[in-house]
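I have placed the structure first, in the form of structure tokens, so that the comments after it can refer back to it.
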Protein chains: 2
Amino acid sequence: MGEFELIRNYFAAAPCAQAGDGVALGIGDDCALLAVPAGEQLAISTDTLVTGVHFADPCDPFLLGQRSLAVAVSDLAAMGATPVAFTLALTLPAVTADWLDAYARGLNQMAQGCGVRLVGGDTTRGPLSLTMTVFGRVPAGQALTRSGAQVGDLLCVGGDLGNAAGALPLVLGQRTAPAAIAEPLLAHYWSPQPQLALGQALRGKASAALDISDGLLADCGHIAKASAVGLLVEHQKLPLSAALLAFLGENAARVAAVSGGDDYVLAFTLPPAHLPALLAEGWPIHVVGRVVAGQGVTLLDANGQDITPNIRGYQHFQETP
Amino acid sequence: MGEFELIRNYFAAAPCAQAGDGVALGIGDDCALLAVPAGEQLAISTDTLVTGVHFADPCDPFLLGQRSLAVAVSDLAAMGATPVAFTLALTLPAVTADWLDAYARGLNQMAQGCGVRLVGGDTTRGPLSLTMTVFGRVPAGQALTRSGAQVGDLLCVGGDLGNAAGALPLVLGQRTAPAAIAEPLLAHYWSPQPQLALGQALRGKASAALDISDGLLADCGHIAKASAVGLLVEHQKLPLSAALLAFLGENAARVAAVSGGDDYVLAFTLPPAHLPALLAEGWPIHVVGRVVAGQGVTLLDANGQDITPNIRGYQHFQETP
């Protein structure tokens with residue numbers, strides 16, 4: 001038995017690979033089989049992380065295990081889907097038991113937190129890269145897409161912005177910070193929590209949604225384009241964490257919040273009538289702007305002045321190590 | 001717009017990315033959405049091809065486009081599934097328009113031949129590798145797995161064996177051959193034809209099935225293990241192409257047929273009662289052995305002698321460039 005076959009057996013025995021709801025056949029055959037209940041559709045997303053592009057080399061394999069799955073599952077949250085399963089295509093330069101063990105622990109922890117099961121994949125020798133394909137189910141016709149935003153809708157986000165971008169200098173070892181600041185920022189970067197429950201709560205309410213991976217302005221641009229509308233973002237309404245404010249100061253924190261990637265917080269448009277009930281239910285919803293006729297995304301300061309051009313120079317926040 | 005976003009748009013506009021049966025939402029949102037008819041399950045398989053491991057560097061991008069998809073879709077054939085869709089995670093060292101164009105043409109041609117649509121993926125900079133995840137549908141409970149072989153069943157294959165292994169010296173430029181020999185062998189290697197129709201015809205009939213990717217003996221070992229049975233393979237019954245016989249001579253051709261990988265022909269076990277009707281329908285079924293009590297795979301010569309140990313030295317046929 002080759003070492004890569006050993007790895008396949010290793011993952012097949014992982015806690016996250018055990019059979020469960022919706023998985024009719026798991027790892028070990030030519031295909032996995034998923035059962036999709038009548039009236040539901042299957043949501044699918046694929047993400048690749050490459051060493052030196054999406055994460056530093058070397059990096060902590062436990063944290064990479066968490067982050068690689070969280071990033072992919074976040075796309076299910078953005079569709080309002082309920083996670084079911086995932087496949088992992090893992091390419092490794094060499095087989096190191098310690099590395100694999102730590103990676104699998106991180107992966108398992110995130111998989112169990114998200115309710116998603118490993119149903120297949122491939123393991124190959126080569127430069128380190130990971131491709132995750134995730135599967136969720138959603139009632140037919142109720143998936144949250146990017147294309148339904150309507151003039152008059154509110155633009156909302158599901159939590160603090162800019163934390164992952166703020167964490168980058170810590171991840172790259174370019175800066176240090178006291179634990180009270182560094183730990184929450186690094187946690188946002190390494191183990192983002194896909195907003196699965198919020199996404200499901202928004203089904204039938206939000207008119208458009210996505211998860212913020214490239215930065216608020218860039219991602220809102222995707223909604224504006226797909227929905228053929230304009231979006232106004234009010235800079236002073238962006239929710240910022242205490243850690244980010246303490247680490248960067250307010251000006252840089254606000255720039256990180258609009259331009260920084262990797263937050264994996266939901267951004268969505270919402271007819272105003274739905275807001276009170278959602279807030280009463282306790283969802284962490286922040287209104288940060290609104291949908292208008294037109295196109296593109298415009299950032300407004302507290303006086304309603306367009307300050308979008310001032311932000312353009314900060315695109316480096318979109319780059320990960 | 002970055003060059004990798006241009007690539008995403010390029011693939012989104014490809015013929016194989018157009019909407020069709022079973023695809024409720026294609027490329028361009030956080031997830032694709034597949035509709036799975038009531039009473040059916042979704043079959044899923046992931047395969048990674050890495051440059052220098054699974055294919056030579058450089059290699060013809062058109063042929064790589066064909067082969068990368070065929071290898072993945074073959075797993076759907078092995079389950080008796082009807083192809084629906086696929087995702088492509090493409091990691092490229094640099095963006096070269098000619099390369100992409102040729103790759104996409106090969107991909108499109110195979111996708112259209114297999115009836116499978118591109119519904120998503122990811123494009124990243126890095127060492128060349130490809131991860132395909134393919135999706136098919138199969139009536140619930142009718143998928144062909146590896147675990148149902150019964151003592152007394154026939155062991156069958158769906159076509160000539162060893163052609164891809166025979167083609168390897170041609171692929172690697174180590175040997176040449178007249179076109180009448182080289183062309184059919186190279187066609188088997190570069191554009192294997194997933195046996196989708198045969199797989200579907202075997203639903204409810206074959207007791208176990210897979211596609212031969214690692215070599216007949218190695219893959220039959222997977223059936224034997226999953227089904228807890230033994231398999232006898234009769235060496236002289238293996239179907240061999242005229243091109244392979246002419247290129248390698250009979251002895252080496254028979255070794256390639258049992259040990260060579262990459263054939264992507266179906267191997268399956270079949271209760272004898274089903275054979276006459278399937279042959280009458282014209283399916284290319286060759287009986288090459290039978291299922292017995294015990295374990296493992298035993299290769300028999302024309303006199304019924306066990307010659308399995310004689311083959312062990314030829315494992316290099318399982319290695320691709």
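Ligands are numbered from 1 in the order shown, chains are lettered A, B, ... in the order of the structure tokens, and residues start at 1 in each chain.
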
Which residues of chain B come within 7 Å of chain A, and for each one, what is the closest pair of atoms and their distance in Å to one decimal, counting only C-alpha atoms, sorted by chain and residue number, as CSV?
residue,atom,partner,partner_atom,distance
B:Asp29,CA,A:Thr145,CA,6.4
B:Asp30,CA,A:Asp75,CA,5.3
B:Cys31,CA,A:Ser45,CA,4.7
B:Ala32,CA,A:Ile44,CA,5.2
B:Leu33,CA,A:Ala43,CA,4.6
B:Leu34,CA,A:Leu42,CA,5.0
B:Ala35,CA,A:Gln41,CA,5.0
B:Val36,CA,A:Gln41,CA,6.6
B:Ala38,CA,A:Ala38,CA,5.4
B:Gln41,CA,A:Ala35,CA,5.0
B:Leu42,CA,A:Leu34,CA,5.0
B:Ala43,CA,A:Leu33,CA,4.6
B:Ile44,CA,A:Cys31,CA,5.0
B:Ser45,CA,A:Cys31,CA,4.8
B:Thr46,CA,A:Gly121,CA,5.1
B:Asp47,CA,A:Asp122,CA,5.7
B:Thr48,CA,A:Asp122,CA,6.3
B:Val50,CA,A:Gly126,CA,6.7
B:Asp75,CA,A:Asp30,CA,5.3
B:Leu76,CA,A:Cys31,CA,6.9
B:Ala78,CA,A:Asp30,CA,6.6
B:Met79,CA,A:Asp30,CA,6.7
B:Ala89,CA,A:Thr48,CA,6.6
B:Gly120,CA,A:Ser45,CA,6.8
B:Gly121,CA,A:Thr46,CA,5.1
B:Asp122,CA,A:Asp47,CA,5.7
B:Gly126,CA,A:Val50,CA,6.7
B:Pro127,CA,A:Pro127,CA,7.0
B:Thr145,CA,A:Asp29,CA,6.4
B:Arg146,CA,A:Asp29,CA,6.4
B:Leu210,CA,A:Asp30,CA,6.5

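For the residues B:Ala104, B:Cys156, B:Val84, B:Leu278, ranking by smallest atom-to-atom distance to Val265 in chain B using only C-alpha atoms places B:Cys156 first.
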
> Which residue, A:Val71, A:Val95, A:Ala111, A:Val287, has the smallest gap to Glu5 in chain A when you use only C-alpha atoms?
Replying inline: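 Among the listed residues, the smallest separation from Glu5 in chain A belongs to A:Val95.
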
Mind the document's chain letters and residue numbers, and return as a CSV table (one decimal) with N, CA, C and O atoms, in the first residue's frame the residues of range 17-214 of chain A that DSSP labels helix (DSSP H, G or I).
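Saved result, states-v2.csv, follows:
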chain,number,residue,atom,x,y,z
A,17,ALA,N,-15.7,12.0,8.5
A,17,ALA,CA,-16.0,11.1,7.4
A,17,ALA,C,-17.1,10.1,7.7
A,17,ALA,O,-17.4,9.3,6.9
A,61,PRO,N,-0.7,23.8,10.3
A,61,PRO,CA,-1.6,22.9,9.6
A,61,PRO,C,-3.0,22.8,10.3
A,61,PRO,O,-4.0,22.6,9.6
A,62,PHE,N,-3.0,22.9,11.6
A,62,PHE,CA,-4.3,22.8,12.3
A,62,PHE,C,-5.2,24.0,11.9
A,62,PHE,O,-6.3,23.9,11.6
A,63,LEU,N,-4.6,25.2,11.9
A,63,LEU,CA,-5.3,26.4,11.5
A,63,LEU,C,-5.7,26.4,10.0
A,63,LEU,O,-6.8,26.8,9.6
A,64,LEU,N,-4.8,25.8,9.2
A,64,LEU,CA,-5.1,25.7,7.8
A,64,LEU,C,-6.3,24.7,7.6
A,64,LEU,O,-7.1,25.0,6.7
A,65,GLY,N,-6.3,23.7,8.4
A,65,GLY,CA,-7.4,22.7,8.3
A,65,GLY,C,-8.8,23.4,8.6
A,65,GLY,O,-9.8,23.3,7.9
A,66,GLN,N,-8.8,24.2,9.6
A,66,GLN,CA,-10.0,25.0,9.9
A,66,GLN,C,-10.4,26.0,8.8
A,66,GLN,O,-11.5,26.0,8.4
A,67,ARG,N,-9.3,26.8,8.4
A,67,ARG,CA,-9.6,27.9,7.5
A,67,ARG,C,-10.0,27.4,6.1
A,67,ARG,O,-10.9,27.9,5.5
A,68,SER,N,-9.4,26.3,5.7
A,68,SER,CA,-9.6,25.8,4.3
A,68,SER,C,-11.1,25.4,4.2
A,68,SER,O,-11.7,25.6,3.1
A,69,LEU,N,-11.6,24.8,5.2
A,69,LEU,CA,-13.0,24.3,5.1
A,69,LEU,C,-14.0,25.5,5.4
A,69,LEU,O,-15.0,25.6,4.7
A,70,ALA,N,-13.6,26.4,6.3
A,70,ALA,CA,-14.5,27.5,6.6
A,70,ALA,C,-14.8,28.4,5.4
A,70,ALA,O,-15.9,28.8,5.1
A,71,VAL,N,-13.7,28.6,4.7
A,71,VAL,CA,-13.8,29.5,3.5
A,71,VAL,C,-14.8,28.9,2.5
A,71,VAL,O,-15.6,29.6,1.9
A,72,ALA,N,-14.7,27.6,2.3
A,72,ALA,CA,-15.6,26.9,1.3
A,72,ALA,C,-17.1,26.9,1.8
A,72,ALA,O,-18.0,27.2,1.1
A,73,VAL,N,-17.2,26.5,3.1
A,73,VAL,CA,-18.6,26.4,3.7
A,73,VAL,C,-19.3,27.8,3.7
A,73,VAL,O,-20.5,27.9,3.6
A,74,SER,N,-18.5,28.9,3.8
A,74,SER,CA,-19.1,30.2,3.8
A,74,SER,C,-19.9,30.5,2.6
A,74,SER,O,-20.9,31.2,2.6
A,75,ASP,N,-19.5,29.9,1.5
A,75,ASP,CA,-20.3,30.0,0.2
A,75,ASP,C,-21.7,29.4,0.4
A,75,ASP,O,-22.7,29.8,-0.2
A,76,LEU,N,-21.8,28.3,1.2
A,76,LEU,CA,-23.1,27.7,1.5
A,76,LEU,C,-24.0,28.6,2.3
A,76,LEU,O,-25.2,28.8,2.1
A,77,ALA,N,-23.3,29.3,3.3
A,77,ALA,CA,-24.0,30.3,4.1
A,77,ALA,C,-24.6,31.4,3.2
A,77,ALA,O,-25.7,31.8,3.4
A,78,ALA,N,-23.8,31.8,2.3
A,78,ALA,CA,-24.2,32.9,1.4
A,78,ALA,C,-25.4,32.6,0.5
A,78,ALA,O,-26.1,33.5,0.1
A,79,MET,N,-25.7,31.3,0.3
A,79,MET,CA,-26.8,30.8,-0.5
A,79,MET,C,-28.0,30.5,0.4
A,79,MET,O,-29.1,30.1,-0.1
A,97,ALA,N,3.5,12.8,9.0
A,97,ALA,CA,2.4,12.3,9.9
A,97,ALA,C,2.0,13.5,10.8
A,97,ALA,O,0.8,13.7,11.0
A,98,ASP,N,2.9,14.2,11.4
A,98,ASP,CA,2.5,15.3,12.3
A,98,ASP,C,1.7,16.4,11.5
A,98,ASP,O,0.7,16.9,12.1
A,99,TRP,N,2.1,16.7,10.3
A,99,TRP,CA,1.4,17.7,9.5
A,99,TRP,C,0.0,17.2,9.3
A,99,TRP,O,-1.0,17.9,9.5
A,100,LEU,N,-0.2,16.0,8.8
A,100,LEU,CA,-1.5,15.4,8.5
A,100,LEU,C,-2.4,15.3,9.7
A,100,LEU,O,-3.6,15.6,9.6
A,101,ASP,N,-1.8,14.9,10.8
A,101,ASP,CA,-2.6,14.8,12.0
A,101,ASP,C,-3.1,16.1,12.4
A,101,ASP,O,-4.3,16.3,12.8
A,102,ALA,N,-2.3,17.2,12.4
A,102,ALA,CA,-2.8,18.5,12.8
A,102,ALA,C,-3.8,19.0,11.8
A,102,ALA,O,-4.8,19.6,12.2
A,103,TYR,N,-3.5,18.9,10.5
A,103,TYR,CA,-4.4,19.3,9.5
A,103,TYR,C,-5.8,18.7,9.7
A,103,TYR,O,-6.8,19.3,9.7
A,104,ALA,N,-5.8,17.4,9.9
A,104,ALA,CA,-7.0,16.6,10.0
A,104,ALA,C,-7.8,17.0,11.3
A,104,ALA,O,-9.0,17.1,11.3
A,105,ARG,N,-7.1,17.4,12.3
A,105,ARG,CA,-7.8,17.8,13.6
A,105,ARG,C,-8.5,19.2,13.3
A,105,ARG,O,-9.6,19.4,13.7
A,106,GLY,N,-7.8,20.1,12.6
A,106,GLY,CA,-8.4,21.4,12.3
A,106,GLY,C,-9.6,21.2,11.4
A,106,GLY,O,-10.7,21.8,11.6
A,107,LEU,N,-9.4,20.3,10.4
A,107,LEU,CA,-10.5,20.0,9.5
A,107,LEU,C,-11.7,19.4,10.2
A,107,LEU,O,-12.9,19.9,10.0
A,108,ASN,N,-11.5,18.4,11.0
A,108,ASN,CA,-12.5,17.8,11.8
A,108,ASN,C,-13.3,18.8,12.7
A,108,ASN,O,-14.5,18.8,12.7
A,109,GLN,N,-12.6,19.6,13.3
A,109,GLN,CA,-13.2,20.6,14.2
A,109,GLN,C,-14.1,21.5,13.5
A,109,GLN,O,-15.3,21.7,13.9
A,110,MET,N,-13.7,22.0,12.4
A,110,MET,CA,-14.5,22.9,11.6
A,110,MET,C,-15.7,22.1,11.0
A,110,MET,O,-16.8,22.6,10.9
A,111,ALA,N,-15.4,20.9,10.5
A,111,ALA,CA,-16.5,20.1,9.9
A,111,ALA,C,-17.6,19.8,10.9
A,111,ALA,O,-18.8,19.9,10.6
A,112,GLN,N,-17.2,19.5,12.1
A,112,GLN,CA,-18.2,19.2,13.1
A,112,GLN,C,-19.0,20.5,13.5
A,112,GLN,O,-20.2,20.4,13.7
A,113,GLY,N,-18.3,21.6,13.6
A,113,GLY,CA,-19.0,22.9,13.9
A,113,GLY,C,-20.0,23.3,12.8
A,113,GLY,O,-21.0,23.9,13.1
A,114,CYS,N,-19.6,22.9,11.5
A,114,CYS,CA,-20.5,23.3,10.4
A,114,CYS,C,-21.5,22.2,10.1
A,114,CYS,O,-22.4,22.5,9.2
A,163,ASN,N,-11.7,42.6,10.2
A,163,ASN,CA,-10.9,41.9,11.2
A,163,ASN,C,-9.8,41.0,10.6
A,163,ASN,O,-8.7,41.0,11.0
A,164,ALA,N,-10.2,40.3,9.5
A,164,ALA,CA,-9.2,39.5,8.8
A,164,ALA,C,-8.1,40.3,8.2
A,164,ALA,O,-6.9,39.9,8.3
A,165,ALA,N,-8.4,41.4,7.6
A,165,ALA,CA,-7.4,42.3,7.0
A,165,ALA,C,-6.5,42.9,8.1
A,165,ALA,O,-5.3,43.0,7.9
A,166,GLY,N,-7.2,43.2,9.2
A,166,GLY,CA,-6.4,43.7,10.3
A,166,GLY,C,-5.4,42.7,10.8
A,166,GLY,O,-4.3,43.0,11.3
A,167,ALA,N,-5.8,41.4,10.8
A,167,ALA,CA,-5.0,40.4,11.3
A,167,ALA,C,-3.7,40.1,10.4
A,167,ALA,O,-2.8,39.5,10.9
A,168,LEU,N,-3.8,40.5,9.2
A,168,LEU,CA,-2.7,40.1,8.2
A,168,LEU,C,-1.3,40.4,8.7
A,168,LEU,O,-0.4,39.6,8.6
A,169,PRO,N,-1.1,41.7,9.2
A,169,PRO,CA,0.3,41.9,9.7
A,169,PRO,C,0.7,41.0,10.8
A,169,PRO,O,1.9,40.7,11.0
A,170,LEU,N,-0.3,40.5,11.6
A,170,LEU,CA,0.1,39.6,12.6
A,170,LEU,C,0.4,38.2,12.1
A,170,LEU,O,1.3,37.5,12.5
A,171,VAL,N,-0.5,37.8,11.1
A,171,VAL,CA,-0.3,36.5,10.4
A,171,VAL,C,1.1,36.4,9.8
A,171,VAL,O,1.8,35.4,9.8
A,179,ALA,N,-2.1,40.2,23.6
A,179,ALA,CA,-3.0,39.1,23.3
A,179,ALA,C,-4.5,39.5,23.2
A,179,ALA,O,-5.2,39.0,22.4
A,180,ALA,N,-4.9,40.5,24.0
A,180,ALA,CA,-6.3,40.9,24.0
A,180,ALA,C,-6.7,41.5,22.6
A,180,ALA,O,-7.9,41.4,22.2
A,181,ILE,N,-5.7,41.9,21.9
A,181,ILE,CA,-6.0,42.4,20.5
A,181,ILE,C,-5.7,41.3,19.5
A,181,ILE,O,-6.5,41.1,18.6
A,182,ALA,N,-4.5,40.7,19.6
A,182,ALA,CA,-4.1,39.7,18.6
A,182,ALA,C,-5.0,38.5,18.5
A,182,ALA,O,-5.4,38.1,17.4
A,183,GLU,N,-5.5,38.0,19.7
A,183,GLU,CA,-6.2,36.8,19.6
A,183,GLU,C,-7.5,36.9,18.9
A,183,GLU,O,-7.8,36.0,18.0
A,184,PRO,N,-8.4,37.9,19.2
A,184,PRO,CA,-9.6,37.9,18.4
A,184,PRO,C,-9.4,38.2,16.9
A,184,PRO,O,-10.1,37.6,16.1
A,185,LEU,N,-8.4,39.0,16.6
A,185,LEU,CA,-8.1,39.3,15.1
A,185,LEU,C,-7.7,38.0,14.5
A,185,LEU,O,-8.1,37.6,13.4
A,186,LEU,N,-6.7,37.3,15.1
A,186,LEU,CA,-6.2,36.0,14.5
A,186,LEU,C,-7.3,35.0,14.4
A,186,LEU,O,-7.3,34.2,13.4
A,187,ALA,N,-8.2,34.9,15.4
A,187,ALA,CA,-9.3,34.0,15.3
A,187,ALA,C,-10.2,34.2,14.1
A,187,ALA,O,-10.6,33.3,13.4
A,188,HIS,N,-10.4,35.5,13.8
A,188,HIS,CA,-11.2,35.8,12.6
A,188,HIS,C,-10.5,35.4,11.3
A,188,HIS,O,-11.2,34.9,10.4
A,189,TYR,N,-9.2,35.5,11.3
A,189,TYR,CA,-8.5,35.1,10.1
A,189,TYR,C,-8.4,33.6,10.0
A,189,TYR,O,-8.7,33.1,8.9
A,190,TRP,N,-8.0,32.9,11.0
A,190,TRP,CA,-7.8,31.5,10.9
A,190,TRP,C,-9.0,30.6,11.0
A,190,TRP,O,-9.0,29.5,10.4
A,196,LEU,N,-23.9,30.4,8.8
A,196,LEU,CA,-24.9,29.4,8.3
A,196,LEU,C,-26.3,29.7,8.8
A,196,LEU,O,-27.3,29.7,8.0
A,197,ALA,N,-26.4,29.9,10.1
A,197,ALA,CA,-27.8,30.1,10.6
A,197,ALA,C,-28.4,31.4,10.1
A,197,ALA,O,-29.6,31.5,9.8
A,198,LEU,N,-27.6,32.5,10.0
A,198,LEU,CA,-28.1,33.7,9.5
A,198,LEU,C,-28.5,33.5,8.0
A,198,LEU,O,-29.6,34.0,7.6
A,199,GLY,N,-27.7,32.9,7.2
A,199,GLY,CA,-28.1,32.6,5.8
A,199,GLY,C,-29.4,31.9,5.7
A,199,GLY,O,-30.3,32.3,4.9
A,200,GLN,N,-29.6,30.9,6.6
A,200,GLN,CA,-30.9,30.2,6.5
A,200,GLN,C,-32.0,31.1,7.0
A,200,GLN,O,-33.2,31.0,6.4
A,201,ALA,N,-31.8,31.9,8.0
A,201,ALA,CA,-32.8,32.8,8.5
A,201,ALA,C,-33.2,33.8,7.4
A,201,ALA,O,-34.4,34.4,7.5

>> Quick one: residues within 12 Å of Glu250 in chain A, only C-alpha atoms, excluding same-chain residues fewer than 5 positions away - as a PyMOL selection string?
In response: chain A and resi 162+166+235-236+238-245+255-257

>> Among range 1-125 of chain B, which ones does DSSP assign to strand (DSSP E) (computed from the backbone)? Answer as a PyMOL selection string.
In response: chain B and resi 23-25+32-35+40-50+82-92+117-125

Write a file of the selected residues as a short mmCIF file (atom, residue, chain, number, x, y, z; two decimals), in the first residue's frame, keeping N, CA and C atoms.
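Here's the written file result27.cif:
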data_model
loop_
_atom_site.label_atom_id
_atom_site.label_comp_id
_atom_site.auth_asym_id
_atom_site.auth_seq_id
_atom_site.Cartn_x
_atom_site.Cartn_y
_atom_site.Cartn_z
N VAL B 23 -29.42 21.61 -14.09
CA VAL B 23 -28.64 22.73 -13.55
C VAL B 23 -29.59 23.91 -13.35
N ALA B 24 -29.93 24.19 -12.09
CA ALA B 24 -30.87 25.28 -11.80
C ALA B 24 -30.15 26.62 -11.78
N LEU B 25 -28.85 26.63 -11.43
CA LEU B 25 -28.07 27.86 -11.42
C LEU B 25 -26.63 27.49 -11.72
N ALA B 32 -23.33 26.95 -7.30
CA ALA B 32 -24.24 26.47 -8.33
C ALA B 32 -25.37 25.71 -7.64
N LEU B 33 -26.49 25.56 -8.33
CA LEU B 33 -27.61 24.80 -7.78
C LEU B 33 -27.99 23.68 -8.75
N LEU B 34 -28.03 22.47 -8.24
CA LEU B 34 -28.47 21.34 -9.04
C LEU B 34 -29.83 20.87 -8.56
N ALA B 35 -30.69 20.56 -9.51
CA ALA B 35 -31.98 19.95 -9.20
C ALA B 35 -31.82 18.45 -9.32
N GLU B 40 -34.12 10.07 -7.05
CA GLU B 40 -32.75 9.89 -7.53
C GLU B 40 -31.77 10.42 -6.48
N GLN B 41 -30.54 9.94 -6.58
CA GLN B 41 -29.46 10.42 -5.71
C GLN B 41 -28.40 11.08 -6.57
N LEU B 42 -27.56 11.86 -5.92
CA LEU B 42 -26.48 12.53 -6.63
C LEU B 42 -25.17 11.78 -6.38
N ALA B 43 -24.52 11.39 -7.46
CA ALA B 43 -23.20 10.74 -7.38
C ALA B 43 -22.13 11.79 -7.58
N ILE B 44 -21.08 11.74 -6.75
CA ILE B 44 -20.04 12.77 -6.72
C ILE B 44 -18.67 12.10 -6.71
N SER B 45 -17.76 12.60 -7.55
CA SER B 45 -16.38 12.11 -7.50
C SER B 45 -15.41 13.25 -7.79
N THR B 46 -14.26 13.22 -7.13
CA THR B 46 -13.22 14.24 -7.29
C THR B 46 -11.91 13.59 -7.73
N ASP B 47 -11.28 14.16 -8.73
CA ASP B 47 -9.97 13.69 -9.19
C ASP B 47 -9.04 14.87 -9.41
N THR B 48 -7.81 14.70 -8.95
CA THR B 48 -6.79 15.72 -9.17
C THR B 48 -5.72 15.19 -10.12
N LEU B 49 -5.33 16.01 -11.07
CA LEU B 49 -4.20 15.71 -11.95
C LEU B 49 -3.14 16.78 -11.72
N VAL B 50 -1.92 16.35 -11.43
CA VAL B 50 -0.83 17.29 -11.15
C VAL B 50 0.25 17.12 -12.22
N THR B 82 -25.92 8.98 -14.51
CA THR B 82 -26.08 9.82 -15.69
C THR B 82 -25.41 11.17 -15.40
N PRO B 83 -24.41 11.57 -16.18
CA PRO B 83 -23.67 12.80 -15.89
C PRO B 83 -24.58 14.04 -15.94
N VAL B 84 -24.32 14.97 -15.05
CA VAL B 84 -25.08 16.22 -15.01
C VAL B 84 -24.14 17.41 -15.13
N ALA B 85 -23.13 17.48 -14.30
CA ALA B 85 -22.36 18.72 -14.18
C ALA B 85 -20.97 18.43 -13.64
N PHE B 86 -20.10 19.44 -13.73
CA PHE B 86 -18.78 19.32 -13.11
C PHE B 86 -18.28 20.69 -12.70
N THR B 87 -17.36 20.70 -11.75
CA THR B 87 -16.62 21.92 -11.42
C THR B 87 -15.15 21.69 -11.75
N LEU B 88 -14.47 22.79 -12.03
CA LEU B 88 -13.06 22.74 -12.41
C LEU B 88 -12.28 23.70 -11.53
N ALA B 89 -11.35 23.18 -10.75
CA ALA B 89 -10.40 24.02 -10.01
C ALA B 89 -9.08 23.95 -10.77
N LEU B 90 -8.72 25.06 -11.38
CA LEU B 90 -7.57 25.11 -12.29
C LEU B 90 -6.51 26.00 -11.67
N THR B 91 -5.34 25.43 -11.42
CA THR B 91 -4.21 26.21 -10.91
C THR B 91 -3.16 26.27 -12.02
N LEU B 92 -2.78 27.49 -12.36
CA LEU B 92 -1.92 27.75 -13.51
C LEU B 92 -0.73 28.61 -13.10
N ARG B 117 -22.06 19.51 -17.72
CA ARG B 117 -21.94 20.95 -17.84
C ARG B 117 -21.09 21.55 -16.73
N LEU B 118 -20.28 22.54 -17.10
CA LEU B 118 -19.42 23.24 -16.13
C LEU B 118 -20.29 24.18 -15.30
N VAL B 119 -20.34 23.98 -13.98
CA VAL B 119 -21.21 24.81 -13.14
C VAL B 119 -20.44 25.66 -12.13
N GLY B 120 -19.13 25.52 -12.08
CA GLY B 120 -18.40 26.35 -11.14
C GLY B 120 -16.96 25.93 -11.06
N GLY B 121 -16.24 26.59 -10.16
CA GLY B 121 -14.84 26.23 -9.99
C GLY B 121 -14.06 27.38 -9.41
N ASP B 122 -12.76 27.29 -9.61
CA ASP B 122 -11.88 28.30 -9.06
C ASP B 122 -10.64 28.32 -9.96
N THR B 123 -10.04 29.48 -10.08
CA THR B 123 -8.84 29.62 -10.91
C THR B 123 -7.80 30.37 -10.10
N THR B 124 -6.62 29.79 -9.99
CA THR B 124 -5.60 30.32 -9.09
C THR B 124 -4.24 30.27 -9.75
N ARG B 125 -3.35 31.13 -9.31
CA ARG B 125 -1.98 31.05 -9.78
C ARG B 125 -1.20 30.05 -8.93
#

> So how far away is CA of Leu270 in chain A from CA of Lys205 in chain A, in Å?
Replying inline: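 We find that CA of Lys205 in chain A and CA of Leu270 in chain A lie 6.6 Å from each other.
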
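One distance worth recording is that between CA of Val258 in chain A and CA of Leu231 in chain A, which is 13.2 Å.
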
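The residue that comes closest to Pro194 in chain A, out of A:Ala218, A:Ala149, A:Val116, A:Ala13 and on the basis of only C-alpha atoms, is A:Val116.
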
> Rounded to one decimal in Å, what is the spacing between CA of Ala273 in chain A and CA of Leu154 in chain A?
Replying inline: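 Straight-line distance from CA of Ala273 in chain A to CA of Leu154 in chain A works out to 9.7 Å.
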